>>> print(open('entry-v3.csv').read())   # CSV, C-alpha atoms
chain,number,residue,atom,x,y,z
J,56,MET,CA,-18.9,17.0,-78.1
J,57,PRO,CA,-22.0,18.2,-76.1
J,58,ASN,CA,-25.0,15.8,-76.1
J,59,ARG,CA,-28.7,16.3,-76.5
J,60,TYR,CA,-28.8,18.3,-73.3
J,61,GLY,CA,-25.9,20.5,-74.2
J,62,LEU,CA,-23.7,18.9,-71.6
J,63,THR,CA,-20.0,18.0,-72.2
J,64,PRO,CA,-19.1,14.4,-71.1
J,65,PRO,CA,-16.3,13.6,-68.7
J,66,SER,CA,-13.1,12.1,-70.1
J,67,ALA,CA,-13.4,8.8,-68.2
J,68,VAL,CA,-15.8,6.7,-66.1
J,69,THR,CA,-15.2,7.7,-62.4
J,70,ASP,CA,-16.4,6.1,-59.2
J,71,PRO,CA,-17.9,8.1,-56.2
J,72,PRO,CA,-15.2,8.1,-53.5
J,73,HIS,CA,-17.3,6.2,-50.9
J,74,TYR,CA,-17.4,3.0,-53.1
J,75,GLN,CA,-14.9,0.2,-53.2
J,76,HIS,CA,-14.9,-1.1,-56.7
J,77,ASP,CA,-13.5,-4.5,-57.8
J,78,PRO,CA,-11.7,-5.0,-61.1
J,79,ALA,CA,-14.1,-6.2,-63.7
J,80,ARG,CA,-13.6,-9.3,-65.9
J,81,THR,CA,-12.4,-8.3,-69.3
J,82,LEU,CA,-12.1,-10.6,-72.4
J,83,GLU,CA,-9.5,-9.8,-75.0
J,84,SER,CA,-9.6,-10.9,-78.7
J,85,PRO,CA,-6.9,-13.3,-79.9
J,86,ASP,CA,-5.1,-10.5,-81.8
J,87,GLY,CA,-5.3,-8.2,-78.8
J,88,ARG,CA,-7.1,-5.4,-80.8
J,89,MET,CA,-10.4,-5.5,-78.9
J,90,ARG,CA,-11.8,-6.2,-75.5
J,91,LEU,CA,-15.3,-6.9,-74.1
J,92,VAL,CA,-16.5,-6.1,-70.6
J,93,PRO,CA,-19.3,-8.4,-69.6
J,94,ILE,CA,-22.0,-6.9,-67.3
J,95,GLU,CA,-24.4,-9.1,-65.5
J,96,LYS,CA,-28.0,-9.1,-66.8
J,97,CYS,CA,-26.8,-7.3,-70.0
J,98,MET,CA,-26.5,-10.3,-72.3
J,99,SER,CA,-23.3,-11.3,-70.5
J,100,THR,CA,-24.0,-15.0,-70.9
J,101,VAL,CA,-24.4,-15.1,-74.6
J,102,VAL,CA,-21.5,-12.7,-75.4
J,103,GLN,CA,-19.2,-14.7,-73.1
J,104,GLN,CA,-20.2,-17.9,-74.9
J,105,TRP,CA,-19.3,-16.3,-78.2
J,106,CYS,CA,-15.9,-15.1,-76.8
J,107,SER,CA,-15.1,-18.5,-75.4
J,108,HIS,CA,-15.9,-20.1,-78.8
J,109,GLU,CA,-13.7,-17.6,-80.6
J,110,GLY,CA,-10.7,-18.0,-78.3
J,111,TRP,CA,-10.9,-14.7,-76.4
J,112,ARG,CA,-9.0,-14.8,-73.1
J,113,GLU,CA,-9.5,-13.1,-69.8
J,114,GLN,CA,-7.2,-10.1,-69.1
J,115,ASP,CA,-6.6,-7.6,-66.3
J,116,ARG,CA,-8.6,-4.5,-67.3
J,117,TRP,CA,-6.4,-2.2,-65.4
J,118,GLN,CA,-3.6,-2.9,-67.9
J,119,ALA,CA,-5.8,-2.0,-70.9
J,120,PRO,CA,-3.7,-0.4,-73.7
J,121,SER,CA,-5.0,3.1,-74.6
J,122,ALA,CA,-5.8,2.3,-78.2
J,123,VAL,CA,-7.9,-0.8,-77.5
J,124,PRO,CA,-11.7,-0.4,-77.8
J,125,HIS,CA,-13.8,-2.0,-75.1
J,126,VAL,CA,-17.3,-3.3,-76.1
J,127,VAL,CA,-20.0,-3.3,-73.5
J,128,VAL,CA,-23.8,-3.9,-73.5
J,129,LEU,CA,-25.7,-1.4,-71.4
J,130,ARG,CA,-29.3,-1.9,-70.2
J,131,ASP,CA,-32.0,0.4,-68.9
J,132,PRO,CA,-31.4,0.4,-65.1
J,133,VAL,CA,-35.1,-0.1,-64.1
J,134,GLU,CA,-35.5,-3.0,-66.5
J,135,ARG,CA,-32.3,-4.6,-65.4
J,136,TRP,CA,-33.0,-4.3,-61.7
J,137,CYS,CA,-36.4,-5.9,-62.1
J,138,SER,CA,-34.9,-8.8,-64.0
J,139,ALA,CA,-32.1,-9.1,-61.4
J,140,VAL,CA,-34.6,-9.3,-58.5
J,141,TRP,CA,-36.5,-12.0,-60.3
J,142,MET,CA,-33.3,-14.0,-60.8
J,143,TYR,CA,-32.3,-13.3,-57.1
J,144,LEU,CA,-35.6,-15.0,-56.0
J,145,LEU,CA,-35.3,-17.9,-58.4
J,146,GLU,CA,-31.8,-18.7,-57.3
J,147,ARG,CA,-33.1,-18.9,-53.7
J,148,GLU,CA,-35.8,-21.3,-54.9
J,149,TRP,CA,-38.6,-18.8,-54.4
J,150,ASP,CA,-41.7,-19.5,-56.4
J,151,TRP,CA,-41.5,-16.5,-58.7
J,152,ARG,CA,-45.3,-16.5,-59.3
J,153,ARG,CA,-45.8,-15.8,-55.6
J,154,GLU,CA,-45.3,-12.3,-54.2
J,155,PRO,CA,-42.8,-12.0,-51.4
J,156,ASP,CA,-44.2,-11.2,-48.0
J,157,SER,CA,-44.1,-7.5,-46.9
J,158,LEU,CA,-41.0,-8.0,-44.8
J,159,ALA,CA,-39.0,-9.7,-47.5
J,160,TRP,CA,-40.0,-7.1,-50.1
J,161,HIS,CA,-39.2,-4.3,-47.7
J,162,ILE,CA,-35.7,-5.7,-47.3
J,163,ILE,CA,-35.3,-6.0,-51.1
J,164,GLU,CA,-36.4,-2.4,-51.7
J,165,ASP,CA,-34.3,-1.1,-48.8
J,166,VAL,CA,-31.0,-2.9,-49.8
J,167,MET,CA,-31.6,-2.7,-53.6
J,168,VAL,CA,-28.0,-3.8,-54.5
J,169,MET,CA,-28.0,-7.4,-53.3
J,170,ASP,CA,-25.5,-9.2,-55.5
J,171,THR,CA,-23.4,-8.9,-58.7
J,172,HIS,CA,-26.6,-8.8,-60.9
J,173,THR,CA,-27.8,-5.7,-59.1
J,174,GLU,CA,-24.4,-3.9,-59.0
J,175,PRO,CA,-24.4,-0.6,-60.9
J,176,GLN,CA,-23.3,-1.1,-64.5
J,177,TYR,CA,-20.8,1.8,-64.5
J,178,ARG,CA,-18.7,0.1,-61.9
J,179,ARG,CA,-17.5,-2.4,-64.5
J,180,LEU,CA,-16.0,0.4,-66.5
J,181,VAL,CA,-14.4,2.6,-63.8
J,182,GLY,CA,-11.1,4.1,-65.1
J,183,LEU,CA,-11.8,3.6,-68.8
J,184,PRO,CA,-11.8,6.7,-71.0
J,185,LEU,CA,-15.1,7.2,-72.6
J,186,GLN,CA,-13.5,7.3,-76.1
J,187,GLN,CA,-12.4,3.7,-75.6
J,188,ILE,CA,-15.9,2.4,-74.8
J,189,GLN,CA,-18.0,1.0,-77.7
J,190,ALA,CA,-21.4,0.8,-76.1
J,191,VAL,CA,-24.3,-1.3,-77.3
J,192,ASP,CA,-27.9,-0.4,-76.3
J,193,MET,CA,-29.7,-3.6,-75.1
J,194,ALA,CA,-33.0,-2.0,-76.0
J,195,ASP,CA,-32.1,-1.1,-79.6
J,196,ARG,CA,-31.5,-4.2,-81.7
J,197,PRO,CA,-28.2,-5.1,-79.9
J,198,HIS,CA,-27.6,-8.1,-82.1
J,199,LEU,CA,-27.0,-5.9,-85.1
J,200,ARG,CA,-24.5,-3.7,-83.2
J,201,LEU,CA,-22.7,-6.6,-81.7
J,202,ASN,CA,-22.3,-8.3,-85.1
J,203,GLU,CA,-20.9,-5.0,-86.5
J,204,LEU,CA,-18.5,-4.4,-83.7
J,205,LEU,CA,-17.3,-8.0,-83.4
J,206,CYS,CA,-17.3,-8.8,-87.2
J,207,THR,CA,-19.5,-11.8,-86.8
J,208,GLU,CA,-23.0,-13.1,-87.8
J,209,PHE,CA,-23.4,-15.0,-84.5
J,210,PHE,CA,-25.9,-12.8,-82.8
J,211,GLY,CA,-29.5,-13.1,-84.0
J,212,ALA,CA,-32.7,-11.1,-83.5
J,213,THR,CA,-33.6,-13.5,-80.6
J,214,THR,CA,-30.3,-13.1,-78.8
J,215,ARG,CA,-31.8,-10.9,-76.2
J,216,HIS,CA,-34.0,-13.1,-74.1
J,217,THR,CA,-36.3,-11.2,-71.9
J,218,ARG,CA,-39.5,-12.3,-70.1
J,219,ASP,CA,-42.6,-10.5,-69.0
J,220,LEU,CA,-42.4,-9.5,-65.4
J,221,PRO,CA,-44.6,-11.5,-63.1
J,222,GLY,CA,-47.8,-9.7,-62.2
J,223,TRP,CA,-46.9,-8.9,-58.6
J,224,LEU,CA,-43.6,-7.3,-59.7
J,225,ALA,CA,-45.2,-5.3,-62.4
J,226,ARG,CA,-47.7,-4.0,-59.8
J,227,ARG,CA,-44.8,-3.2,-57.4
J,228,LEU,CA,-43.1,-1.1,-60.0
J,229,ASP,CA,-45.0,2.1,-59.3
J,230,ASP,CA,-43.7,5.7,-59.6
J,231,GLY,CA,-42.2,5.6,-56.1
J,232,LEU,CA,-40.2,2.4,-56.7
J,233,ARG,CA,-39.2,3.6,-60.2
J,234,ASP,CA,-37.9,6.8,-58.7
J,235,ARG,CA,-35.9,5.0,-56.0
J,236,ILE,CA,-34.3,2.8,-58.7
J,237,GLN,CA,-33.4,5.8,-60.8
J,238,GLN,CA,-31.8,7.5,-57.7
J,239,ARG,CA,-29.8,4.5,-56.7
J,240,TYR,CA,-28.6,3.9,-60.2
J,241,ASN,CA,-28.2,7.5,-61.3
J,242,GLN,CA,-24.6,6.9,-62.4
J,243,ASP,CA,-25.8,4.3,-64.9
J,244,TYR,CA,-28.2,6.8,-66.4
J,245,TRP,CA,-25.4,9.3,-66.8
J,246,LEU,CA,-23.3,6.6,-68.4
J,247,ARG,CA,-26.0,5.7,-70.9
J,248,MET,CA,-26.5,9.3,-71.7
J,249,TRP,CA,-22.8,9.9,-72.4
J,250,LEU,CA,-22.3,6.8,-74.4
J,251,LEU,CA,-25.7,6.2,-76.1
J,252,ASP,CA,-27.2,9.7,-76.0
J,253,ALA,CA,-30.1,8.0,-74.0
J,254,PRO,CA,-32.6,10.3,-72.4
J,255,MET,CA,-32.2,11.2,-68.7
J,256,PRO,CA,-35.0,11.1,-66.1
J,257,GLU,CA,-36.0,14.7,-65.4
J,258,ALA,CA,-35.5,14.3,-61.7
J,259,LEU,CA,-31.8,13.4,-62.2
J,260,LEU,CA,-31.3,16.3,-64.6
J,261,ALA,CA,-32.9,18.7,-62.1
J,262,GLN,CA,-30.5,17.5,-59.4
J,263,ARG,CA,-27.5,18.2,-61.5
J,264,ASP,CA,-28.9,21.7,-62.3
J,265,ALA,CA,-29.4,22.4,-58.6
J,266,THR,CA,-25.9,21.2,-57.7
J,267,GLN,CA,-24.4,23.3,-60.5
J,268,ASP,CA,-26.3,26.4,-59.2
J,269,CYS,CA,-24.9,25.8,-55.7
J,270,LYS,CA,-21.4,25.5,-57.2
J,271,ASN,CA,-21.8,28.7,-59.2
J,272,LEU,CA,-23.1,30.5,-56.1
J,273,HIS,CA,-20.1,29.3,-54.0
J,274,THR,CA,-17.7,30.5,-56.7
J,275,GLU,CA,-19.4,33.9,-56.9
J,276,LYS,CA,-19.1,34.3,-53.1
J,277,ASN,CA,-15.4,33.3,-53.2
J,278,ASN,CA,-14.8,35.9,-55.9
J,279,GLY,CA,-16.5,38.6,-54.0
J,280,LEU,CA,-19.4,38.8,-56.4
>>> encode(input="entry-v3.csv", output="structure tokens")
Amino acid sequence: MPNRYGLTPPSAVTDPPHYQHDPARTLESPDGRMRLVPIEKCMSTVVQQWCSHEGWREQDRWQAPSAVPHVVVLRDPVERWCSAVWMYLLEREWDWRREPDSLAWHIIEDVMVMDTHTEPQYRRLVGLPLQQIQAVDMADRPHLRLNELLCTEFFGATTRHTRDLPGWLARRLDDGLRDRIQQRYNQDYWLRMWLLDAPMPEALLAQRDATQDCKNLHTEKNNGL
């Protein structure tokens, strides 16, 4: 079915050819009828705690039966990256209240994907048909959706723990940095659009339109038009 932009989604999550993706951890329910794919900085700790308590077991995602739905929590890429950078500094015993010096911040901005917490979200779902993915929007009362999908009352309104960004990071998040994050995690925006009907940044939509125009022009030339 076409989405809000009139675009028809792909059949499955695919990976750009220049990436080497690793099989993601997948947790399977005791009856084998449902799986959950944890994604770092997307409520993964609390959902894995629930799975462990309920006896869910780790499985190889590449052997997923075609009829088994896979539950996954997806997060806005900009918000997730900022949270991940904060954690990255904390894990290295950096005083999060103090802004990194210009060289350290330049490296962070330049590298952008530094660890598993900053890996693109879509890479945890590569190969899965979209129709098998039950996505939960972390920004829209995720506890209600998780309780519904997992048939539990475990998750409460305070399940999603987020903190205000430190002042220096909020100041760093200008239009230029926001655009760089959107470009780097563009596949995550497409994933959220296909699965959650979330809005796309205009710049990413424009790039798709420009690419499509080039493809159409190439086809017309090959057809002698």
>>> closest_residue(input="entry-v3.csv", among="J:Leu129, J:Met89, J:Met98, J:Leu183", to="Arg112 (chain J)", atoms="all atoms listed in the file")
J:Met89
>>> closest_residue(input="entry-v3.csv", among="J:Tyr143, J:Trp249, J:Tyr60, J:Trp105", to="Leu201 (chain J)", atoms="all atoms listed in the file")
J:Trp105
>>> atom_distance(input="entry-v3.csv", atom1="CA of Ser84 (chain J)", atom2="CA of Ala122 (chain J)")
13.7 Å
>>> closest_residue(input="entry-v3.csv", among="J:Arg80, J:Arg227, J:Arg90, J:Arg235", to="Trp160 (chain J)", atoms="all atoms listed in the file")
J:Arg227
>>> atom_distance(input="entry-v3.csv", atom1="CA of Thr207 (chain J)", atom2="CA of Leu185 (chain J)")
24.1 Å
>>> residues_near_point(input="entry-v3.csv", point="(-18.8, 3.5, -73.0)", cutoff="9 Å", atoms="all atoms listed in the file", output="PyMOL selection string")
chain J and resi 67-68+125-129+177+180+183-191+246-247+249-251
>>> atom_distance(input="entry-v3.csv", atom1="CA of Glu257 (chain J)", atom2="CA of Pro132 (chain J)")
15.0 Å
>>> closest_residue(input="entry-v3.csv", among="J:Leu62, J:Pro221, J:Leu204, J:Phe209", to="His108 (chain J)", atoms="all atoms listed in the file")
J:Phe209
>>> closest_residue(input="entry-v3.csv", among="J:Arg239, J:Arg147, J:His161, J:Arg130", to="Arg215 (chain J)", atoms="only C-alpha atoms")
J:Arg130
>>> closest_residue(input="entry-v3.csv", among="J:Leu144, J:Gln104, J:Gly211, J:Glu109", to="Asp86 (chain J)", atoms="all atoms listed in the file")
J:Glu109
>>> residues_around(input="entry-v3.csv", residues="Phe210 (chain J)", least_positions_apart="2", cutoff="6 Å", atoms="only C-alpha atoms", output="MDAnalysis selection string")
chainID J and resid 198 208 214
